[in-house]
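As provided, work-v3.txt (compact mmCIF, C-alpha atoms) reads as follows.
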```txt
# COMPACT_ATOMS: atom_id res chain seq x y z
CA MET A 1 -22.40 15.02 13.90
CA VAL A 2 -21.33 11.93 15.84
CA LEU A 3 -20.35 12.71 19.43
CA GLY A 4 -17.46 10.89 21.06
CA LYS A 5 -17.73 9.03 24.35
CA SER A 6 -15.27 8.65 27.20
CA VAL A 7 -14.68 5.22 28.73
CA ARG A 8 -12.72 4.71 31.93
CA ILE A 9 -10.97 1.36 32.55
CA TYR A 10 -9.54 0.37 35.92
CA LEU A 11 -7.00 -2.50 35.87
CA LYS A 12 -7.15 -4.20 39.27
CA GLU A 13 -3.75 -5.95 38.92
CA GLY A 14 -2.22 -3.23 36.79
CA ASN A 15 -2.21 -5.42 33.65
CA VAL A 16 -4.66 -6.17 30.84
CA SER A 17 -5.03 -9.89 31.56
CA GLY A 18 -6.52 -9.49 35.06
CA ILE A 19 -9.76 -8.05 36.40
CA LYS A 20 -10.97 -4.90 34.66
CA LEU A 21 -13.67 -2.43 35.73
CA GLY A 22 -15.16 -0.39 32.89
CA GLU A 23 -17.41 2.66 33.05
CA VAL A 24 -18.88 5.08 30.51
CA VAL A 25 -18.18 8.54 31.90
CA ASN A 26 -21.35 10.29 33.18
CA HIS A 27 -23.43 7.10 32.90
CA THR A 28 -24.54 4.65 35.60
CA ILE A 29 -23.54 1.46 33.77
CA GLN A 30 -20.51 -0.47 35.00
CA ALA A 31 -18.82 -3.57 33.59
CA LEU A 32 -16.47 -6.09 35.17
CA SER A 33 -14.29 -8.38 33.07
CA CYS A 34 -12.62 -11.28 34.85
CA PRO A 35 -10.66 -14.43 33.85
CA ARG A 36 -12.27 -17.58 35.24
CA ASN A 37 -9.36 -18.41 37.54
CA LYS A 38 -9.86 -15.13 39.41
CA ILE A 39 -13.64 -15.01 39.91
CA SER A 40 -13.22 -15.48 43.68
CA ASP A 41 -11.52 -12.07 43.69
CA LEU A 42 -14.68 -10.48 42.29
CA ASN A 43 -16.56 -11.00 45.53
CA LYS A 44 -13.47 -10.02 47.51
CA PHE A 45 -12.81 -6.68 45.82
CA PHE A 46 -16.08 -5.85 44.04
CA MET A 47 -18.75 -7.22 46.37
CA LYS A 48 -21.08 -4.26 45.92
CA GLU A 49 -20.89 -4.34 42.12
CA ILE A 50 -21.64 -8.05 41.65
CA ASN A 51 -24.18 -8.80 44.38
CA ARG A 52 -27.00 -7.06 42.54
CA PRO A 53 -29.15 -7.55 39.41
CA GLY A 54 -27.34 -7.62 36.10
CA VAL A 55 -26.56 -9.42 32.86
CA TYR A 56 -23.41 -11.34 32.05
CA PHE A 57 -21.48 -13.07 29.27
CA LEU A 58 -19.56 -16.33 29.71
CA ILE A 59 -16.96 -16.35 26.92
CA GLY A 60 -14.76 -19.19 25.67
CA GLU A 61 -14.07 -21.53 22.75
CA ASP A 62 -15.42 -24.88 21.61
CA ASP A 63 -13.38 -27.94 20.54
CA SER A 64 -12.74 -26.43 17.08
CA ASN A 65 -11.51 -23.12 18.57
CA GLN A 66 -14.67 -21.29 17.57
CA ASN A 67 -15.55 -18.38 19.86
CA GLN A 68 -18.71 -18.94 21.86
CA VAL A 69 -20.71 -17.03 24.43
CA TYR A 70 -23.46 -17.76 26.93
CA ILE A 71 -25.69 -14.80 27.84
CA GLY A 72 -27.50 -14.74 31.17
CA GLU A 73 -29.22 -12.59 33.77
CA ALA A 74 -29.66 -12.78 37.52
CA GLU A 75 -31.02 -10.82 40.46
CA ASN A 76 -27.69 -11.57 42.13
CA VAL A 77 -24.98 -12.05 39.52
CA TRP A 78 -22.42 -13.43 41.99
CA GLU A 79 -24.69 -16.29 43.10
CA ARG A 80 -25.34 -17.24 39.47
CA LEU A 81 -21.62 -17.15 38.63
CA LYS A 82 -20.81 -19.55 41.44
CA ASN A 83 -23.29 -21.98 39.93
CA HIS A 84 -21.81 -21.63 36.43
CA ASP A 85 -18.31 -22.18 37.79
CA THR A 86 -19.23 -25.74 38.72
CA LYS A 87 -21.67 -26.60 35.91
CA LYS A 88 -20.36 -24.95 32.71
CA ASP A 89 -16.95 -25.96 31.39
CA PHE A 90 -16.34 -24.03 28.17
CA TRP A 91 -15.88 -20.49 29.45
CA SER A 92 -12.61 -18.80 30.38
CA GLU A 93 -13.79 -15.22 30.90
CA VAL A 94 -16.86 -13.49 32.28
CA ILE A 95 -18.05 -9.95 31.58
CA LEU A 96 -20.92 -8.70 33.74
CA PHE A 97 -22.93 -5.49 33.62
CA SER A 98 -24.82 -3.76 36.41
CA SER A 99 -25.91 -0.25 37.35
CA LYS A 100 -24.32 2.02 39.93
CA ASP A 101 -27.68 3.51 40.91
CA GLU A 102 -29.14 0.07 41.75
CA ASN A 103 -32.31 0.78 39.76
CA LEU A 104 -32.17 -2.42 37.67
CA THR A 105 -34.92 -4.90 38.57
CA LYS A 106 -35.56 -8.51 37.61
CA SER A 107 -37.82 -7.35 34.79
CA HIS A 108 -35.13 -5.03 33.49
CA VAL A 109 -32.40 -7.67 33.36
CA LYS A 110 -34.72 -10.24 31.77
CA TYR A 111 -35.51 -7.68 29.06
CA LEU A 112 -31.79 -7.05 28.58
CA GLU A 113 -31.02 -10.78 28.38
CA SER A 114 -33.62 -11.36 25.67
CA ARG A 115 -32.43 -8.41 23.61
CA LEU A 116 -28.75 -9.35 23.98
CA ILE A 117 -29.35 -12.92 22.81
CA SER A 118 -31.23 -11.61 19.79
CA ILE A 119 -28.47 -9.09 18.99
CA ALA A 120 -25.70 -11.71 19.32
CA LEU A 121 -27.56 -14.20 17.11
CA ASN A 122 -28.14 -11.54 14.47
CA ALA A 123 -24.50 -10.42 14.53
CA ASP A 124 -23.44 -14.07 14.03
CA ARG A 125 -19.84 -13.52 15.22
CA TYR A 126 -19.70 -15.96 18.15
CA LYS A 127 -21.58 -19.21 18.63
CA VAL A 128 -24.38 -18.44 21.11
CA GLU A 129 -24.65 -21.21 23.70
CA ASN A 130 -28.16 -20.36 24.96
CA SER A 131 -30.55 -23.18 24.16
CA ASN A 132 -33.51 -20.84 23.76
CA SER A 133 -34.32 -17.17 23.32
CA PRO A 134 -36.45 -15.89 26.21
CA ASN A 135 -39.40 -13.65 25.47
CA LEU A 136 -39.10 -9.95 26.21
CA SER A 137 -40.39 -9.07 29.66
CA SER A 138 -43.21 -6.55 29.74
CA LEU A 139 -41.90 -3.09 30.62
CA PRO A 140 -43.51 0.35 30.53
CA LEU A 141 -42.40 2.37 27.50
CA PRO A 142 -40.10 4.70 29.52
CA ASP A 143 -38.34 1.64 30.98
CA GLN A 144 -37.96 0.06 27.55
CA ASP A 145 -36.30 3.19 26.22
CA SER A 146 -34.04 3.31 29.27
CA MET A 147 -32.98 -0.31 28.71
CA GLU A 148 -32.32 0.31 25.01
CA ASP A 149 -30.01 3.14 26.02
CA PHE A 150 -28.36 0.79 28.53
CA LEU A 151 -27.85 -1.74 25.71
CA LEU A 152 -25.95 0.82 23.64
CA ASN A 153 -23.47 1.20 26.46
CA VAL A 154 -23.27 -2.58 26.99
CA LYS A 155 -22.18 -2.88 23.35
CA LEU A 156 -19.70 -0.02 23.78
CA LEU A 157 -18.08 -1.46 26.90
CA ASN A 158 -18.13 -5.02 25.57
CA GLY A 159 -16.24 -3.92 22.47
CA THR A 160 -13.82 -1.84 24.53
CA LEU A 161 -13.09 -4.93 26.64
CA GLY A 162 -12.16 -6.87 23.52
CA HIS A 163 -15.32 -8.61 22.28
CA LYS A 164 -17.44 -7.55 19.31
CA PHE A 165 -20.07 -10.29 19.21
CA LEU A 166 -22.80 -7.64 19.65
CA GLU A 167 -21.64 -5.65 16.63
CA ASN A 168 -22.88 -6.16 13.09
CA PRO A 169 -19.83 -6.30 10.78
CA ILE A 170 -21.46 -4.06 8.21
CA LYS A 171 -24.67 -2.14 7.67
CA ILE A 172 -26.12 -2.32 4.18
CA ASN A 173 -29.16 -0.19 3.44
CA GLU A 174 -29.90 -1.74 0.09
CA THR A 175 -28.43 -4.82 -1.51
CA LYS A 176 -29.95 -5.98 -4.78
CA ILE A 177 -28.73 -9.06 -6.60
CA ILE A 178 -29.86 -8.96 -10.21
CA ASP A 179 -31.43 -12.22 -11.35
CA VAL A 180 -28.57 -13.68 -13.42
CA PRO A 181 -26.61 -16.93 -13.09
CA LEU A 182 -23.95 -16.98 -10.40
CA THR A 183 -21.35 -17.69 -13.06
CA ALA A 184 -21.90 -14.27 -14.65
CA THR A 185 -18.78 -12.11 -14.50
CA THR A 186 -19.99 -8.83 -15.93
CA GLU A 187 -19.92 -5.69 -13.80
CA SER A 188 -23.69 -5.37 -14.05
CA SER A 189 -24.30 -8.74 -12.40
CA VAL A 190 -24.23 -7.24 -8.90
CA VAL A 191 -25.50 -3.83 -7.84
CA ILE A 192 -24.82 -2.73 -4.27
CA SER A 193 -25.81 0.39 -2.35
CA SER A 194 -24.19 0.73 1.06
CA SER A 195 -24.56 3.20 3.91
CA GLY A 196 -20.81 3.33 4.50
CA GLY A 197 -17.46 1.84 3.64
CA LEU A 198 -15.49 1.67 0.42
CA LYS A 199 -17.08 -0.53 -2.25
CA LEU A 200 -14.58 -2.87 -3.89
CA GLU A 201 -14.61 -5.53 -6.58
CA LEU A 202 -12.40 -8.47 -7.51
CA LYS A 203 -12.30 -9.70 -11.11
CA VAL A 204 -9.67 -12.37 -11.71
CA LYS A 205 -9.77 -15.33 -14.13
CA GLY A 206 -13.56 -15.38 -14.44
CA ILE A 207 -14.20 -14.91 -10.71
CA PHE A 208 -16.27 -11.89 -9.68
CA ALA A 209 -16.63 -10.84 -6.05
CA SER A 210 -17.87 -7.72 -4.26
CA ALA A 211 -16.75 -6.39 -0.90
CA ILE A 212 -16.90 -3.41 1.41
CA GLN A 213 -13.95 -2.18 3.41
CA THR A 214 -14.77 -1.47 7.07
CA ASP A 215 -12.84 -0.41 10.16
CA GLU A 216 -12.51 -4.08 11.13
CA GLY A 217 -11.47 -5.52 7.80
CA LEU A 218 -12.97 -6.49 4.45
CA VAL A 219 -16.52 -7.84 4.21
CA VAL A 220 -17.00 -10.05 1.16
CA LEU A 221 -20.66 -9.87 0.22
CA GLU A 222 -23.01 -12.77 -0.25
CA GLN A 223 -23.42 -14.13 -3.78
CA SER A 224 -19.76 -13.33 -4.54
CA GLN A 225 -18.12 -16.10 -6.55
CA VAL A 226 -15.37 -18.40 -5.26
CA SER A 227 -12.88 -20.29 -7.40
CA GLY A 228 -13.23 -24.05 -7.34
CA LYS A 229 -9.52 -24.50 -8.08
CA THR A 230 -6.90 -24.19 -5.37
CA LYS A 231 -3.14 -24.27 -4.84
CA PRO A 232 -1.35 -24.72 -1.49
CA PHE A 233 -1.62 -21.35 0.28
CA GLY A 234 -1.59 -19.84 3.75
CA TYR A 235 -5.33 -19.42 4.14
CA SER A 236 -6.32 -22.90 2.95
CA SER A 237 -7.43 -23.96 6.44
CA LEU A 238 -9.66 -20.88 6.70
CA ARG A 239 -11.16 -21.65 3.30
CA GLU A 240 -11.89 -25.24 4.35
CA LYS A 241 -13.50 -24.01 7.55
CA LEU A 242 -15.76 -21.61 5.62
CA ILE A 243 -16.81 -24.49 3.38
CA GLN A 244 -17.49 -26.71 6.41
CA ASP A 245 -19.49 -23.91 8.06
CA ARG A 246 -21.40 -23.39 4.79
CA VAL A 247 -20.34 -19.79 4.44
CA ILE A 248 -19.05 -20.93 1.04
CA VAL A 249 -21.43 -23.33 -0.73
CA PRO A 250 -21.99 -24.76 -4.23
CA ASN A 251 -24.90 -23.66 -6.41
CA THR A 252 -26.96 -26.01 -8.56
CA GLN A 253 -24.23 -25.98 -11.23
CA GLY A 254 -21.59 -26.92 -8.65
CA ASN A 255 -19.90 -23.51 -8.69
CA LEU A 256 -18.90 -22.05 -5.32
CA TYR A 257 -20.17 -18.77 -3.88
CA TYR A 258 -20.57 -16.96 -0.55
CA ALA A 259 -23.92 -17.82 1.04
CA LYS A 260 -23.67 -14.82 3.38
CA ASN A 261 -21.52 -11.78 4.10
CA TYR A 262 -18.20 -12.66 5.72
CA LEU A 263 -15.72 -10.40 7.51
CA PHE A 264 -12.03 -11.03 6.77
CA GLU A 265 -9.29 -9.41 8.83
CA SER A 266 -7.32 -8.41 5.74
CA PRO A 267 -7.85 -7.86 1.98
CA SER A 268 -5.24 -10.55 1.23
CA ALA A 269 -7.10 -13.15 3.30
CA ALA A 270 -10.33 -12.29 1.48
CA ALA A 271 -8.66 -12.51 -1.94
CA ALA A 272 -6.76 -15.73 -1.20
CA VAL A 273 -9.82 -17.59 0.09
CA THR A 274 -11.87 -16.35 -2.87
CA LEU A 275 -9.29 -17.19 -5.55
CA GLY A 276 -7.77 -20.31 -3.96
CA TYR A 277 -4.14 -19.16 -3.90
CA SER A 278 -1.92 -16.58 -2.19
CA VAL A 279 -2.27 -13.09 -3.62
CA ASN A 280 -1.75 -9.46 -2.58
CA GLY A 281 -5.29 -8.38 -1.79
CA ARG A 282 -4.42 -4.68 -1.92
CA SER A 283 -3.60 -5.12 -5.60
CA VAL A 284 -6.58 -7.19 -6.76
CA TRP A 285 -9.41 -5.48 -4.84
CA LYS A 286 -10.35 -2.37 -6.85
CA ASP A 287 -12.99 0.36 -6.78
CA GLU A 288 -15.48 1.03 -9.58
CA ASN A 289 -12.89 3.22 -11.34
CA GLY A 290 -10.35 0.42 -11.47
CA LYS A 291 -8.04 1.83 -8.79
CA SER A 292 -6.57 -0.78 -6.50
CA LEU A 293 -6.93 -0.56 -2.74
CA ASN A 294 -3.20 0.09 -2.52
CA GLU A 295 -3.48 3.04 -4.95
CA ILE A 296 -6.49 4.44 -3.08
CA GLU A 297 -4.74 4.32 0.28
CA GLN A 298 -1.54 5.87 -1.09
CA ALA A 299 -3.55 8.73 -2.61
CA GLN A 300 -5.33 9.31 0.71
CA VAL A 301 -1.99 9.57 2.55
CA ILE A 302 -0.52 11.95 -0.04
CA ASN A 303 -3.61 14.19 0.00
CA SER A 304 -4.01 14.25 3.77
```

Representation of the structure as structure tokens:
Amino acid sequence: MVLGKSVRIYLKEGNVSGIKLGEVVNHTIQALSCPRNKISDLNKFFMKEINRPGVYFLIGEDDSNQNQVYIGEAENVWERLKNHDTKKDFWSEVILFSSKDENLTKSHVKYLESRLISIALNADRYKVENSNSPNLSSLPLPDQDSMEDFLLNVKLLNGTLGHKFLENPIKINETKIIDVPLTATTESSVVISSSGGLKLELKVKGIFASAIQTDEGLVVLEQSQVSGKTKPFGYSSLREKLIQDRVIVPNTQGNLYYAKNYLFESPSAAAAVTLGYSVNGRSVWKDENGKSLNEIEQAQVINS
């Protein structure tokens, strides 16, 4: 049984765009989210929370509007933030994490920084601006376990505050791609076993793709085929970006396919990018029994 957690958010200005203080009820972790233009208010109103050891995220976008994050640590987070305010241009928001019991040490936050960089790189949602990945600091086993528990709550609060770059889009226990050409379109060409989420397939005009529906959207799985033909459609710019970022690449025969799993916000976006034209994704994505996503969802509502 999965137990729920309670998170308390305090809005300093009474709105969601200003400074926010987040806490996990009955835990010592605390998070502060602040837009860059208001960081002077952090030391004014939250001096105790920020003048202590902690880890922090500088969040912004690059020239192509890609989300990016810099992950850091400091014995005094406020002093480090003042330095970043003058030397780093890209960021527009900072989220910092510290402990109410003041038991975090330099070794603890260095351990957290190393783990957070590794987690963010593995999740591959935002571009990580750190030039290197620091080695894990040496901690006694009880301290390591304590920091791993702290990390779980960092991920929880970070997501609650609007950023999911520490979250893996999907967890797949076993994924086996049978050794056949990528142009194969038979159902047996891809066999997938997943730990969760609805397994879906798209078979249209010789294109075969596999996906898993998650709480965040539709994850099209690597090795899924992509049509080489396109018509003008609403997601053409997204398709071009995925080709530029080499999420979609050609194989040795010149046919396109997904080089890695990719999370789409909607089934229609996933279908349009895959097929090269606008289409109702809830009609073309189907389960192994041939029922469309639209039919599955309607049945769930009727039977609920």

Any idea what the distance is between CA of Ser33 in chain A and CA of Tyr56 in chain A? 9.6 Å

Using only C-alpha atoms: which of A:Val25, A:Ile59, A:Val247, A:Cys34 has the shortest distance to His163 in chain A: A:Ile59

Using all atoms listed in the file, determine which residues lie at most 7 Å from range 135-143 of chain A, disregarding the query and same-chain residues fewer than 6 positions distant; provide the list as JSON, numbers by chain. {"A": [107, 110, 111, 114]}

When you count only C-alpha atoms, which of these residues is closest to Ser98 in chain A: A:Asn153, A:Asn130, A:Asn51, A:Gln30?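 That would be A:Gln30, the residue with the smallest distance to Ser98 in chain A.
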
Around range 122-129 of chain A, with edges along x, y and z and 3 Å added on all six sides, what centre and edge lengths do you get, in Å to one decimal, as JSON?
```
{"center_x": -23.9, "center_y": -15.8, "center_z": 18.9, "size_x": 14.4, "size_y": 16.8, "size_z": 15.7}
```

For CA of Gly60 in chain A and CA of Val94 in chain A, the interatomic separation in Å (one decimal):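 Between CA of Gly60 in chain A and CA of Val94 in chain A the gap works out to 9.0 Å.
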
One number please: CA of Phe208 in chain A to CA of Ser268 in chain A, in Å, one decimal.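 About the pair CA of Phe208 in chain A and CA of Ser268 in chain A: they are 15.6 Å apart.
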
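Each of A:Val154, A:Leu263, A:Met147, A:Val284 was checked against Leu221 in chain A using only C-alpha atoms; the smallest atom-to-atom distance is that of A:Leu263.
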
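Comparing A:Leu3, A:Ile71, A:Leu112, A:Leu161 by their smallest distance to Asn132 in chain A, the closest is A:Ile71 (using all atoms listed in the file).
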
Contacts of range 6-19 of chain A at 10 Å (all atoms listed in the file; same-chain gap of 4+ positions) as a compact mmCIF listing (two decimals) with C-alpha atoms, in the coordinates of the input:
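Result went into around_17.txt, see below:
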```
# COMPACT_ATOMS: atom_id res chain seq x y z
CA GLU A 23 -17.41 2.66 33.05
CA VAL A 24 -18.88 5.08 30.51
CA VAL A 25 -18.18 8.54 31.90
CA ASN A 26 -21.35 10.29 33.18
CA HIS A 27 -23.43 7.10 32.90
CA GLN A 30 -20.51 -0.47 35.00
CA ALA A 31 -18.82 -3.57 33.59
CA LEU A 32 -16.47 -6.09 35.17
CA SER A 33 -14.29 -8.38 33.07
CA CYS A 34 -12.62 -11.28 34.85
CA PRO A 35 -10.66 -14.43 33.85
CA ARG A 36 -12.27 -17.58 35.24
CA ASN A 37 -9.36 -18.41 37.54
CA LYS A 38 -9.86 -15.13 39.41
CA ILE A 39 -13.64 -15.01 39.91
CA ASP A 41 -11.52 -12.07 43.69
CA LEU A 42 -14.68 -10.48 42.29
CA PHE A 45 -12.81 -6.68 45.82
CA GLU A 93 -13.79 -15.22 30.90
CA VAL A 94 -16.86 -13.49 32.28
CA ILE A 95 -18.05 -9.95 31.58
CA ASN A 153 -23.47 1.20 26.46
CA LEU A 156 -19.70 -0.02 23.78
CA LEU A 157 -18.08 -1.46 26.90
CA THR A 160 -13.82 -1.84 24.53
CA LEU A 161 -13.09 -4.93 26.64
```

Excluding Ala74 in chain A and its own-chain neighbours fewer than 5 positions away, which residues fall within 7 Å of it when counting only C-alpha atoms? Please give them as number ranges by chain. A: 53-55, 80

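The residue that comes closest to Leu293 in chain A, out of A:Leu202, A:Val219, A:Leu275, A:Ala269 and on the basis of all atoms listed in the file, is A:Leu202.
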
Residues near Lys88 in chain A, anyone? I mean within 10 Å using all atoms listed in the file, not counting same-chain ones fewer than 5 positions away, as a PyMOL selection string. chain A and resi 58+70+81+83

Could you save the residues just selected, with C-alpha atoms, as a compact mmCIF listing (two decimals), keeping the file's coordinate frame?
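Result file out32.txt:
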```
# COMPACT_ATOMS: atom_id res chain seq x y z
CA LEU A 58 -19.56 -16.33 29.71
CA TYR A 70 -23.46 -17.76 26.93
CA LEU A 81 -21.62 -17.15 38.63
CA ASN A 83 -23.29 -21.98 39.93
```

Env of Ser283 in chain A: 10 Å cut, atoms = all atoms listed in the file, seq-sep filter 4 positions within chain, self excluded. Answer as a list in words. Leu202, Pro267, Ser268, Ala271, Val279, Lys291, Ser292, Leu293, Asn294 and Glu295 of chain A

Selected residue, from A:Lys82, A:Lys87, A:Lys155, A:Lys164, that lies nearest to Leu116 in chain A when counting only C-alpha atoms: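 Of A:Lys82, A:Lys87, A:Lys155, A:Lys164, the one nearest Leu116 in chain A, counting only C-alpha atoms, is A:Lys155.
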
Output range 128-151 of chain A as a PDB file, in the coordinates of the input, making sure N, CA and C atoms are there.
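Result file follows (rebuild.pdb):
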```
ATOM      1  N   VAL A 128     -23.606 -18.742  19.909  1.00  0.00           N
ATOM      2  CA  VAL A 128     -24.380 -18.440  21.110  1.00  0.00           C
ATOM      3  C   VAL A 128     -24.832 -19.737  21.753  1.00  0.00           C
ATOM      4  N   GLU A 129     -24.427 -19.954  23.009  1.00  0.00           N
ATOM      5  CA  GLU A 129     -24.650 -21.210  23.700  1.00  0.00           C
ATOM      6  C   GLU A 129     -26.039 -21.346  24.330  1.00  0.00           C
ATOM      7  N   ASN A 130     -26.825 -20.281  24.363  1.00  0.00           N
ATOM      8  CA  ASN A 130     -28.160 -20.360  24.960  1.00  0.00           C
ATOM      9  C   ASN A 130     -29.035 -21.309  24.154  1.00  0.00           C
ATOM     10  N   SER A 131     -29.719 -22.190  24.843  1.00  0.00           N
ATOM     11  CA  SER A 131     -30.550 -23.180  24.160  1.00  0.00           C
ATOM     12  C   SER A 131     -31.862 -22.594  23.663  1.00  0.00           C
ATOM     13  N   ASN A 132     -32.279 -21.489  24.227  1.00  0.00           N
ATOM     14  CA  ASN A 132     -33.510 -20.840  23.760  1.00  0.00           C
ATOM     15  C   ASN A 132     -33.388 -19.334  23.916  1.00  0.00           C
ATOM     16  N   SER A 133     -34.274 -18.631  23.233  1.00  0.00           N
ATOM     17  CA  SER A 133     -34.320 -17.170  23.320  1.00  0.00           C
ATOM     18  C   SER A 133     -35.523 -16.767  24.147  1.00  0.00           C
ATOM     19  N   PRO A 134     -35.313 -16.253  25.357  1.00  0.00           N
ATOM     20  CA  PRO A 134     -36.450 -15.890  26.210  1.00  0.00           C
ATOM     21  C   PRO A 134     -37.241 -14.728  25.636  1.00  0.00           C
ATOM     22  N   ASN A 135     -38.537 -14.727  25.923  1.00  0.00           N
ATOM     23  CA  ASN A 135     -39.400 -13.650  25.470  1.00  0.00           C
ATOM     24  C   ASN A 135     -39.064 -12.361  26.219  1.00  0.00           C
ATOM     25  N   LEU A 136     -39.319 -11.230  25.560  1.00  0.00           N
ATOM     26  CA  LEU A 136     -39.100  -9.950  26.210  1.00  0.00           C
ATOM     27  C   LEU A 136     -40.049  -9.788  27.392  1.00  0.00           C
ATOM     28  N   SER A 137     -39.512  -9.356  28.514  1.00  0.00           N
ATOM     29  CA  SER A 137     -40.390  -9.070  29.660  1.00  0.00           C
ATOM     30  C   SER A 137     -41.170  -7.797  29.379  1.00  0.00           C
ATOM     31  N   SER A 138     -42.340  -7.700  29.962  1.00  0.00           N
ATOM     32  CA  SER A 138     -43.210  -6.550  29.740  1.00  0.00           C
ATOM     33  C   SER A 138     -42.724  -5.378  30.593  1.00  0.00           C
ATOM     34  N   LEU A 139     -42.360  -4.290  29.926  1.00  0.00           N
ATOM     35  CA  LEU A 139     -41.900  -3.090  30.620  1.00  0.00           C
ATOM     36  C   LEU A 139     -42.687  -1.881  30.133  1.00  0.00           C
ATOM     37  N   PRO A 140     -42.913  -0.908  30.993  1.00  0.00           N
ATOM     38  CA  PRO A 140     -43.510   0.350  30.530  1.00  0.00           C
ATOM     39  C   PRO A 140     -42.593   0.991  29.485  1.00  0.00           C
ATOM     40  N   LEU A 141     -43.171   1.773  28.588  1.00  0.00           N
ATOM     41  CA  LEU A 141     -42.400   2.370  27.500  1.00  0.00           C
ATOM     42  C   LEU A 141     -41.192   3.166  27.987  1.00  0.00           C
ATOM     43  N   PRO A 142     -41.299   3.983  29.044  1.00  0.00           N
ATOM     44  CA  PRO A 142     -40.100   4.700  29.520  1.00  0.00           C
ATOM     45  C   PRO A 142     -38.987   3.750  29.948  1.00  0.00           C
ATOM     46  N   ASP A 143     -39.357   2.619  30.566  1.00  0.00           N
ATOM     47  CA  ASP A 143     -38.340   1.640  30.980  1.00  0.00           C
ATOM     48  C   ASP A 143     -37.705   0.948  29.778  1.00  0.00           C
ATOM     49  N   GLN A 144     -38.523   0.663  28.757  1.00  0.00           N
ATOM     50  CA  GLN A 144     -37.960   0.060  27.550  1.00  0.00           C
ATOM     51  C   GLN A 144     -36.915   0.968  26.922  1.00  0.00           C
ATOM     52  N   ASP A 145     -37.250   2.247  26.809  1.00  0.00           N
ATOM     53  CA  ASP A 145     -36.300   3.190  26.220  1.00  0.00           C
ATOM     54  C   ASP A 145     -35.034   3.292  27.065  1.00  0.00           C
ATOM     55  N   SER A 146     -35.194   3.259  28.372  1.00  0.00           N
ATOM     56  CA  SER A 146     -34.040   3.310  29.270  1.00  0.00           C
ATOM     57  C   SER A 146     -33.149   2.089  29.072  1.00  0.00           C
ATOM     58  N   MET A 147     -33.755   0.906  28.912  1.00  0.00           N
ATOM     59  CA  MET A 147     -32.980  -0.310  28.710  1.00  0.00           C
ATOM     60  C   MET A 147     -32.311  -0.333  27.335  1.00  0.00           C
ATOM     61  N   GLU A 148     -32.954   0.243  26.330  1.00  0.00           N
ATOM     62  CA  GLU A 148     -32.320   0.310  25.010  1.00  0.00           C
ATOM     63  C   GLU A 148     -31.096   1.214  25.052  1.00  0.00           C
ATOM     64  N   ASP A 149     -31.171   2.281  25.833  1.00  0.00           N
ATOM     65  CA  ASP A 149     -30.010   3.140  26.020  1.00  0.00           C
ATOM     66  C   ASP A 149     -28.914   2.393  26.782  1.00  0.00           C
ATOM     67  N   PHE A 150     -29.310   1.614  27.771  1.00  0.00           N
ATOM     68  CA  PHE A 150     -28.360   0.790  28.530  1.00  0.00           C
ATOM     69  C   PHE A 150     -27.657  -0.199  27.596  1.00  0.00           C
ATOM     70  N   LEU A 151     -28.422  -0.778  26.648  1.00  0.00           N
ATOM     71  CA  LEU A 151     -27.850  -1.740  25.710  1.00  0.00           C
ATOM     72  C   LEU A 151     -26.764  -1.110  24.834  1.00  0.00           C
TER      73      LEU A 151
END
```
